[in-house]
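Enquirer: If you scroll down you'll find the structure; I have some questions about it.
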Amino acid sequence: MKTRYWQVDPDNIAPEIIRQAAMLIREGETVAFPTETVYGLGANGLNPTAVRKIFQAKGRPVDNPLILHVAEPREVYQLAAAVPAQAEVLMNKFWPGPLTLIMPCGSRIPAEVTAGLETVALRMPAHPVALALIREAGVPIAAPSANRSGYPSPTAASHVLADLDGKIGAVLDGGITGVGLESTVLDLTEELPTILRPGGVTREQLETVLDQVLLDPGLENNDAKPKAPGMKYTHYSPKADVLVLLGEPQEVAAKAGSILRQNRENNLNTALLLSSETWPLVDKRDAVYAQEMGSRYALEEIAHKLYHELRMCDQAGSRIILVEGYRTEGLGAAVMNRLLKSAGYNIINCSVKD
Ligand code: TXA
Ligand code: MG
């Protein structure tokens with residue numbers, strides 16, 4: 001299949017391009033589009049055949065349900081069987097934005113979207129191109145991240161094409177995404193609201209409007225089964241092996257330096273992704289690729305760059321990627337969740353002397 005490519009300026013959207021892209025959606029084709037988190041691979045969420053094409057293109061396991069994207073909060077009342085009171089509060093406060101809400105599923109939604117579950121994931125993205133596409137298509141758009149299944153999510157149209165060119169109908173290139181990590185998935189069908197996937201809206205932000213927010217035990221404990229089916233799969237993984245280094249900048253720098261020297265002797269190409277604080281403390285000569293990611297005390301920049309830099313490490317031919325780890329506060333919960341999954345929980349605590 002020839003994948004069509006359109007560039008769109010989010011500040012000055014050409015209606016003709018959105019019209020053509022929305023027509024593809026209505027015809028049952030797949031279209032990748034930017035959101036404020038990562039690029040999504042969209043299809044008509046009410047058309048089972050169209051939704052199946054998403055799974056085929058990505059090589060995604062069929063038991064992993066999709067998020068339905070809407071352009072207005074009121075659409076939720078047509079899609080959910082019941083809208084919990086908490087959902088109304090949350091939609092008011094955080095939509096449009098990086099928060100996905102799990103609610104009881106209404107009867108219009110094909111089982112292909114929900115993977116047969118009795119719940120559905122709903123989100124209104126905060127990106128003008130995404131909203132324009134959903135509005136023009138006139139249907140909710142089912143969309144996972146637009147990457148080959150298992151690989152880091154795309155934060156640029158070039159990432160989408162690297163993974164899916166020739167396998168999808170089109171890509172709308174609206175530039176680089178903002179948050180850089182996926183939305184928070186919050187389950188509202190349990191007794192207490194539960195985070196199934198940490199993301200762009202932090203637990204601390206949710207707690208400003210909810211009395212109590214739980215974390216799915218499957219997120220923290222490798223033995224418990226995560227409730228979001230997607231969280232059980234190997235994920236966000238570049239081709240190289242990822243190793244997470246935890247500790248103070250001096251400790252991380254010392255460990256990174258000794259691993260670099262050792263890997264160099266063994267001819268193992270090694271890349272480095274470090275905070276601005278650790279960056280000046282490391283001799284980078286033995287690295288095939290090294291990038292300063294941003295301050296460890298304000299993780300927005302690190303989150304924004306992470307997936308792109310993991311891809312860059314692969315392109316540089318690295319076999320091992322040493323990535324500095326961070327505290328799991330605020331956006332740190334989402335950053336560390338993705339890092340630990342991409343590392344297969346391969347982590348070194350650098351403050352422990354061996
Ligand atoms: O930021 C995002 O959420 C991006 C953009 C494109 O919107 N989308 C995204 O979709 O990350 P995806 O499919 O890569 O991740 C959706 C996650 C998966 O872990 C999936 O298992 C979970 O949400 N999920 C979807 N429906 C669910 C449901 N009914 N119950 C529990 N988990 C669900
Ligand atoms: Mg994904």
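Naming works like this for the structure tokens: A, B, ... for the chains as they're shown, residue 1 at the start of each chain, ligands 1 onward in shown order.
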Counting only C-alpha atoms and all ligand atoms, which protein, DNA or RNA residues come within 9 Å of ligand 2, given as a list in words?
Expert: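 With only C-alpha atoms and all ligand atoms and a cut-off of 9 Å, ligand 2 is contacted by Gly40, Pro144, Ser145, Ala146, Asn147, Arg148, Ser149, Gly150, Tyr151, Pro152, Ser153, Glu182, Gly230, His235 and Tyr236 of chain A.
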Enquirer: Enumerate residues in contact with ligand 1: an atom-to-atom distance of at most 8 Å, counting only C-alpha atoms and all ligand atoms. Format the result as JSON, numbers by chain.
Expert: {"A": [34, 35, 36, 37, 38, 39, 40, 41, 64, 65, 66, 67, 69, 98, 99, 100, 102, 103, 105, 113, 114, 115, 117, 118, 119, 120, 121, 123, 125, 143, 144, 145, 146, 153, 181, 182, 183, 184, 185, 187, 196, 197, 199, 200, 227, 228, 229, 230, 231]}
Enquirer: Would you please work out which residue, of A:Pro198, A:Glu309, A:Ala253, A:Pro280, is nearest to Met336 in chain A when using only C-alpha atoms?
Expert: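 Closest to Met336 in chain A, using only C-alpha atoms: A:Pro198.
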Enquirer: So how many Å separate CA of Ser275 in chain A and CA of Glu248 in chain A, to one decimal?
Expert: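 Spanning CA of Ser275 in chain A to CA of Glu248 in chain A is a straight-line distance of 10.6 Å.
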Enquirer: Hey, can you check how far CA of Val209 in chain A sits from CA of Leu101 in chain A?
Expert: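 Those two atoms sit 14.5 Å apart.
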Enquirer: For Pro84 in chain A, which residue out of A:Asp283, A:Glu191, A:Glu301, A:Asp11 is the nearest one, using only C-alpha atoms?
Expert: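 Of A:Asp283, A:Glu191, A:Glu301, A:Asp11, the one nearest Pro84 in chain A, counting only C-alpha atoms, is A:Glu191.
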